[in-house]
file query.tsv (TSV, N, CA and C atoms)
chain	number	residue	atom	x	y	z
A	1	MET	N	15.33	14.15	-6.39
A	1	MET	CA	13.91	14.05	-6.08
A	1	MET	C	13.72	13.16	-4.85
A	2	LYS	N	12.91	13.60	-3.93
A	2	LYS	CA	12.65	12.82	-2.72
A	2	LYS	C	11.75	11.63	-3.03
A	3	LYS	N	12.08	10.52	-2.41
A	3	LYS	CA	11.28	9.30	-2.46
A	3	LYS	C	10.98	8.89	-1.03
A	4	TYR	N	9.86	8.20	-0.85
A	4	TYR	CA	9.42	7.77	0.48
A	4	TYR	C	9.18	6.27	0.45
A	5	ARG	N	9.31	5.66	1.62
A	5	ARG	CA	9.09	4.22	1.76
A	5	ARG	C	8.65	3.95	3.20
A	6	VAL	N	7.92	2.88	3.39
A	6	VAL	CA	7.51	2.44	4.72
A	6	VAL	C	8.28	1.15	5.02
A	7	ASP	N	8.89	1.10	6.20
A	7	ASP	CA	9.67	-0.06	6.61
A	7	ASP	C	9.16	-0.61	7.95
A	8	THR	N	9.27	-1.93	8.09
A	8	THR	CA	9.04	-2.59	9.38
A	8	THR	C	10.28	-3.42	9.66
A	9	GLN	N	10.27	-4.19	10.74
A	9	GLN	CA	11.43	-5.02	11.05
A	9	GLN	C	11.62	-6.13	10.02
A	10	SER	N	10.60	-6.43	9.22
A	10	SER	CA	10.72	-7.54	8.27
A	10	SER	C	10.22	-7.24	6.86
A	11	TRP	N	9.89	-5.96	6.57
A	11	TRP	CA	9.27	-5.65	5.29
A	11	TRP	C	9.55	-4.20	4.91
A	12	GLY	N	9.61	-3.95	3.63
A	12	GLY	CA	9.72	-2.59	3.10
A	12	GLY	C	8.75	-2.42	1.95
A	13	SER	N	8.09	-1.29	1.91
A	13	SER	CA	7.09	-1.04	0.86
A	13	SER	C	7.76	-0.64	-0.45
A	14	LYS	N	6.95	-0.46	-1.45
A	14	LYS	CA	7.43	0.14	-2.69
A	14	LYS	C	7.78	1.60	-2.40
A	15	GLU	N	8.44	2.25	-3.32
A	15	GLU	CA	8.78	3.66	-3.15
A	15	GLU	C	7.64	4.55	-3.63
A	16	PHE	N	7.48	5.68	-2.96
A	16	PHE	CA	6.45	6.65	-3.30
A	16	PHE	C	7.10	7.99	-3.63
A	17	ASP	N	6.53	8.68	-4.62
A	17	ASP	CA	6.94	10.06	-4.92
A	17	ASP	C	6.11	11.04	-4.11
A	18	ASP	N	4.93	10.62	-3.69
A	18	ASP	CA	3.96	11.48	-3.02
A	18	ASP	C	3.94	11.18	-1.52
A	19	ILE	N	4.20	12.19	-0.70
A	19	ILE	CA	4.22	12.01	0.76
A	19	ILE	C	2.86	11.57	1.29
A	20	ASP	N	1.77	12.06	0.70
A	20	ASP	CA	0.44	11.68	1.18
A	20	ASP	C	0.18	10.19	0.97
A	21	LYS	N	0.59	9.66	-0.17
A	21	LYS	CA	0.42	8.22	-0.41
A	21	LYS	C	1.31	7.40	0.52
A	22	ALA	N	2.52	7.91	0.78
A	22	ALA	CA	3.42	7.22	1.70
A	22	ALA	C	2.85	7.22	3.11
A	23	GLU	N	2.27	8.34	3.54
A	23	GLU	CA	1.66	8.40	4.88
A	23	GLU	C	0.46	7.49	4.98
A	24	ALA	N	-0.33	7.37	3.91
A	24	ALA	CA	-1.46	6.45	3.91
A	24	ALA	C	-0.96	5.01	4.04
A	25	CYS	N	0.12	4.68	3.36
A	25	CYS	CA	0.72	3.35	3.47
A	25	CYS	C	1.23	3.11	4.89
A	26	TYR	N	1.82	4.12	5.50
A	26	TYR	CA	2.32	4.04	6.88
A	26	TYR	C	1.18	3.68	7.84
A	27	GLU	N	0.06	4.38	7.73
A	27	GLU	CA	-1.09	4.11	8.60
A	27	GLU	C	-1.68	2.72	8.34
A	28	TYR	N	-1.80	2.36	7.08
A	28	TYR	CA	-2.31	1.04	6.72
A	28	TYR	C	-1.38	-0.06	7.26
A	29	THR	N	-0.09	0.17	7.15
A	29	THR	CA	0.89	-0.83	7.62
A	29	THR	C	0.79	-1.00	9.13
A	30	LYS	N	0.59	0.08	9.87
A	30	LYS	CA	0.41	-0.05	11.33
A	30	LYS	C	-0.80	-0.92	11.63
A	31	ASP	N	-1.91	-0.69	10.94
A	31	ASP	CA	-3.11	-1.51	11.17
A	31	ASP	C	-2.85	-2.97	10.80
A	32	ARG	N	-2.20	-3.19	9.66
A	32	ARG	CA	-1.94	-4.56	9.21
A	32	ARG	C	-1.02	-5.28	10.18
A	33	GLN	N	0.05	-4.61	10.60
A	33	GLN	CA	0.99	-5.23	11.55
A	33	GLN	C	0.29	-5.60	12.85
A	34	MET	N	-0.55	-4.71	13.35
A	34	MET	CA	-1.24	-4.97	14.62
A	34	MET	C	-2.16	-6.19	14.47
A	35	SER	N	-2.84	-6.30	13.35
A	35	SER	CA	-3.78	-7.42	13.17
A	35	SER	C	-3.06	-8.74	12.94
A	36	GLU	N	-1.83	-8.69	12.44
A	36	GLU	CA	-1.08	-9.93	12.19
A	36	GLU	C	-0.31	-10.40	13.40
A	37	GLY	N	-0.19	-9.55	14.41
A	37	GLY	CA	0.54	-9.92	15.61
A	37	GLY	C	1.87	-9.21	15.69
A	38	ILE	N	2.15	-8.66	16.83
A	38	ILE	CA	3.37	-7.89	17.04
A	38	ILE	C	4.05	-8.35	18.32
A	39	ASP	N	5.28	-7.89	18.53
A	39	ASP	CA	5.96	-8.12	19.80
A	39	ASP	C	6.64	-6.82	20.20
A	40	GLU	N	7.39	-6.86	21.27
A	40	GLU	CA	7.99	-5.64	21.81
A	40	GLU	C	9.03	-5.01	20.88
A	41	SER	N	9.48	-5.73	19.86
A	41	SER	CA	10.45	-5.15	18.92
A	41	SER	C	9.79	-4.63	17.64
A	42	SER	N	8.47	-4.71	17.55
A	42	SER	CA	7.77	-4.29	16.34
A	42	SER	C	7.81	-2.77	16.18
A	43	PHE	N	7.99	-2.34	14.93
A	43	PHE	CA	7.97	-0.92	14.62
A	43	PHE	C	7.51	-0.72	13.19
A	44	VAL	N	7.11	0.50	12.89
A	44	VAL	CA	6.79	0.92	11.53
A	44	VAL	C	7.43	2.29	11.35
A	45	GLU	N	8.14	2.47	10.23
A	45	GLU	CA	8.81	3.73	9.95
A	45	GLU	C	8.41	4.26	8.58
A	46	LEU	N	8.31	5.58	8.49
A	46	LEU	CA	8.18	6.27	7.22
A	46	LEU	C	9.52	6.95	6.98
A	47	VAL	N	10.18	6.58	5.89
A	47	VAL	CA	11.52	7.10	5.62
A	47	VAL	C	11.54	7.86	4.30
A	48	CYS	N	12.52	8.76	4.18
A	48	CYS	CA	12.67	9.60	3.00
A	48	CYS	C	14.12	9.53	2.54
A	49	SER	N	14.31	9.53	1.20
A	49	SER	CA	15.66	9.48	0.65
A	49	SER	C	15.73	10.27	-0.65
A	50	GLU	N	16.90	10.77	-0.92
A	50	GLU	CA	17.15	11.44	-2.20
A	50	GLU	C	18.17	10.67	-3.04
A	51	ASP	N	18.62	9.49	-2.56
A	51	ASP	CA	19.65	8.73	-3.27
A	51	ASP	C	19.33	7.23	-3.33
A	52	ASP	N	18.09	6.91	-3.67
A	52	ASP	CA	17.66	5.51	-3.79
A	52	ASP	C	17.87	4.70	-2.52
A	53	PHE	N	17.74	5.35	-1.38
A	53	PHE	CA	17.75	4.73	-0.06
A	53	PHE	C	19.09	4.15	0.35
A	54	GLU	N	20.17	4.65	-0.27
A	54	GLU	CA	21.49	4.32	0.28
A	54	GLU	C	21.63	5.03	1.63
A	55	ASP	N	21.13	6.24	1.70
A	55	ASP	CA	20.98	6.99	2.95
A	55	ASP	C	19.54	7.42	3.03
A	56	TYR	N	19.01	7.49	4.23
A	56	TYR	CA	17.63	7.93	4.37
A	56	TYR	C	17.43	8.57	5.74
A	57	VAL	N	16.33	9.31	5.84
A	57	VAL	CA	15.95	9.97	7.08
A	57	VAL	C	14.62	9.38	7.52
A	58	VAL	N	14.50	9.05	8.79
A	58	VAL	CA	13.24	8.56	9.33
A	58	VAL	C	12.36	9.76	9.64
A	59	ILE	N	11.21	9.83	8.99
A	59	ILE	CA	10.27	10.93	9.18
A	59	ILE	C	9.33	10.64	10.34
A	60	LYS	N	8.82	9.42	10.37
A	60	LYS	CA	7.91	8.98	11.44
A	60	LYS	C	8.31	7.58	11.86
A	61	ARG	N	8.13	7.29	13.14
A	61	ARG	CA	8.39	5.95	13.66
A	61	ARG	C	7.38	5.67	14.76
A	62	ALA	N	6.75	4.52	14.68
A	62	ALA	CA	5.83	4.05	15.71
A	62	ALA	C	6.36	2.73	16.25
A	63	VAL	N	6.34	2.58	17.57
A	63	VAL	CA	6.78	1.34	18.20
A	63	VAL	C	5.61	0.74	18.96
A	64	ALA	N	5.63	-0.57	19.08
A	64	ALA	CA	4.57	-1.27	19.80
A	64	ALA	C	4.84	-1.20	21.30
A	65	ILE	N	3.80	-0.85	22.04
A	65	ILE	CA	3.89	-0.85	23.50
A	65	ILE	C	2.65	-1.53	24.07
A	66	GLU	N	2.74	-1.92	25.31
A	66	GLU	CA	1.59	-2.52	25.99
A	66	GLU	C	0.53	-1.46	26.24
A	67	ASP	N	-0.72	-1.78	25.95
A	67	ASP	CA	-1.84	-0.88	26.20
A	67	ASP	C	-2.31	-1.10	27.64
A	68	VAL	N	-1.67	-0.39	28.56
A	68	VAL	CA	-1.90	-0.57	29.99
A	68	VAL	C	-3.36	-0.28	30.35
A	69	GLU	N	-3.92	0.76	29.77
A	69	GLU	CA	-5.31	1.12	30.08
A	69	GLU	C	-6.27	-0.01	29.71
A	70	ARG	N	-6.09	-0.58	28.55
A	70	ARG	CA	-6.96	-1.68	28.13
A	70	ARG	C	-6.73	-2.92	28.98
A	71	MET	N	-5.49	-3.13	29.42
A	71	MET	CA	-5.17	-4.28	30.25
A	71	MET	C	-5.88	-4.21	31.60
A	72	THR	N	-6.15	-3.01	32.12
A	72	THR	CA	-6.84	-2.89	33.40
A	72	THR	C	-8.29	-3.34	33.30
A	73	LYS	N	-8.85	-3.31	32.09
A	73	LYS	CA	-10.24	-3.72	31.90
A	73	LYS	C	-10.37	-5.23	31.77
A	74	CYS	N	-9.48	-5.84	30.99
A	74	CYS	CA	-9.44	-7.29	30.84
A	74	CYS	C	-8.21	-7.67	30.04
A	75	THR	N	-7.78	-8.90	30.17
A	75	THR	CA	-6.63	-9.37	29.42
A	75	THR	C	-7.11	-10.06	28.14
A	76	PRO	N	-6.25	-10.21	27.17
A	76	PRO	CA	-6.65	-10.95	25.96
A	76	PRO	C	-7.07	-12.39	26.26
A	77	LYS	N	-6.40	-13.02	27.21
A	77	LYS	CA	-6.76	-14.41	27.55
A	77	LYS	C	-8.17	-14.48	28.15
A	78	GLU	N	-8.56	-13.45	28.91
A	78	GLU	CA	-9.92	-13.39	29.45
A	78	GLU	C	-10.94	-13.23	28.33
A	79	GLU	N	-10.51	-12.67	27.19
A	79	GLU	CA	-11.38	-12.50	26.03
A	79	GLU	C	-11.32	-13.70	25.09
A	80	GLY	N	-10.50	-14.70	25.45
A	80	GLY	CA	-10.41	-15.91	24.64
A	80	GLY	C	-9.31	-15.93	23.60
A	81	TYR	N	-8.39	-14.96	23.66
A	81	TYR	CA	-7.28	-14.92	22.70
A	81	TYR	C	-6.05	-15.60	23.28
A	82	GLU	N	-5.08	-15.89	22.42
A	82	GLU	CA	-3.87	-16.60	22.84
A	82	GLU	C	-2.79	-15.69	23.39
A	83	TRP	N	-2.80	-14.42	23.01
A	83	TRP	CA	-1.68	-13.56	23.40
A	83	TRP	C	-1.83	-13.05	24.83
A	84	ASP	N	-0.72	-12.52	25.36
A	84	ASP	CA	-0.65	-12.17	26.78
A	84	ASP	C	-1.04	-10.74	27.12
A	85	TYR	N	-0.92	-9.82	26.15
A	85	TYR	CA	-1.24	-8.42	26.47
A	85	TYR	C	-1.81	-7.70	25.26
A	86	TRP	N	-2.58	-6.65	25.54
A	86	TRP	CA	-3.06	-5.76	24.49
A	86	TRP	C	-1.93	-4.81	24.15
A	87	ALA	N	-1.84	-4.45	22.89
A	87	ALA	CA	-0.78	-3.55	22.44
A	87	ALA	C	-1.39	-2.38	21.67
A	88	LYS	N	-0.58	-1.34	21.54
A	88	LYS	CA	-0.96	-0.19	20.72
A	88	LYS	C	0.32	0.42	20.17
A	89	TRP	N	0.17	1.31	19.21
A	89	TRP	CA	1.31	2.01	18.63
A	89	TRP	C	1.56	3.30	19.37
A	90	GLN	N	2.81	3.59	19.59
A	90	GLN	CA	3.21	4.87	20.17
A	90	GLN	C	4.16	5.55	19.19
A	91	GLU	N	3.82	6.77	18.80
A	91	GLU	CA	4.69	7.53	17.91
A	91	GLU	C	5.93	7.97	18.69
A	92	VAL	N	7.09	7.84	18.07
A	92	VAL	CA	8.36	8.21	18.69
A	92	VAL	C	8.67	9.66	18.33
A	93	ASP	N	9.09	10.44	19.32
A	93	ASP	CA	9.49	11.82	19.09
A	93	ASP	C	10.90	11.82	18.48
A	94	LEU	N	10.97	12.07	17.19
A	94	LEU	CA	12.26	12.00	16.49
A	94	LEU	C	13.09	13.27	16.65
A	95	SER	N	12.55	14.30	17.25
A	95	SER	CA	13.31	15.54	17.44
A	95	SER	C	14.40	15.38	18.49
A	96	GLN	N	14.34	14.33	19.28
A	96	GLN	CA	15.33	14.11	20.34
A	96	GLN	C	16.56	13.38	19.84
A	97	ARG	N	16.60	13.03	18.57
A	97	ARG	CA	17.74	12.29	18.00
A	97	ARG	C	18.88	13.20	17.70
call {"tool": "encode", "arguments": {"input": "query.tsv", "output": "structure tokens"}}
result
Amino acid sequence: MKKYRVDTQSWGSKEFDDIDKAEACYEYTKDRQMSEGIDESSFVELVCSEDDFEDYVVIKRAVAIEDVERMTKCTPKEEGYEWDYWAKWQEVDLSQR
């Protein structure tokens, strides 16, 4: 039976039997990670396994990148924040692996 989980560089979710619930957790985790602060190594993955995650397949992966468009309008420091750049998630094309 397939199981799903959401992973970041420092956290892993509970296991899900339902892909829709796992995808909802994936989206929620991206929002949570962004609000807590990220860096250039930040990522969120949705993974699937049939053997209790001894082996797994990455279904979706999002990596943090600089939001260049937003940076042209103003920097976070100009808005009164401590960080140096605006960031956003970019979905990785896993078909190239």
call {"tool": "residues_around", "arguments": {"input": "query.tsv", "residues": "stretch 60-75 of chain A", "least_positions_apart": "2", "cutoff": "8 Å", "atoms": "all atoms listed in the file", "output": "number ranges by chain"}}
result
A: 38-48, 57-58, 77-81, 83-94
call {"tool": "atom_distance", "arguments": {"input": "query.tsv", "atom1": "atom CA of A:Gln33", "atom2": "atom CA of A:Met1"}}
result
29.1 Å
call {"tool": "closest_residue", "arguments": {"input": "query.tsv", "among": "A:Glu82, A:Glu15, A:Ser49, A:Val6", "to": "A:Thr29", "atoms": "all atoms listed in the file"}}
result
A:Val6
call {"tool": "select_by_dssp", "arguments": {"input": "query.tsv", "residues": "chain A", "states": "strand (DSSP E or B)", "output": "JSON, numbers by chain"}}
result
{"A": [3, 4, 5, 6, 7, 8, 12, 16, 43, 44, 45, 46, 47, 48, 49, 57, 58, 59, 60, 61, 62, 63, 64, 65, 66, 87, 88, 89, 90, 91]}
call {"tool": "select_by_dssp", "arguments": {"input": "query.tsv", "residues": "stretch 54-90 of chain A", "states": "alpha helix (DSSP H)", "output": "list in words"}}
result
Val68, Glu69, Arg70, Met71, Thr72 and Lys73 of chain A
call {"tool": "axis_aligned_box", "arguments": {"input": "query.tsv", "around": "stretch 64-83 of chain A", "padding_each_side": "4 Å", "output": "JSON"}}
result
{"center_x": -2.9, "center_y": -7.7, "center_z": 26.2, "size_x": 25.0, "size_y": 25.7, "size_z": 22.3}
call {"tool": "atom_distance", "arguments": {"input": "query.tsv", "atom1": "atom CA of A:Asp31", "atom2": "atom CA of A:Tyr56"}}
result
23.8 Å
call {"tool": "residues_around", "arguments": {"input": "query.tsv", "residues": "A:Phe16", "least_positions_apart": "4", "cutoff": "7 Å", "atoms": "only N, CA and C atoms", "output": "PyMOL selection string"}}
result
chain A and resi 2-6+21-22
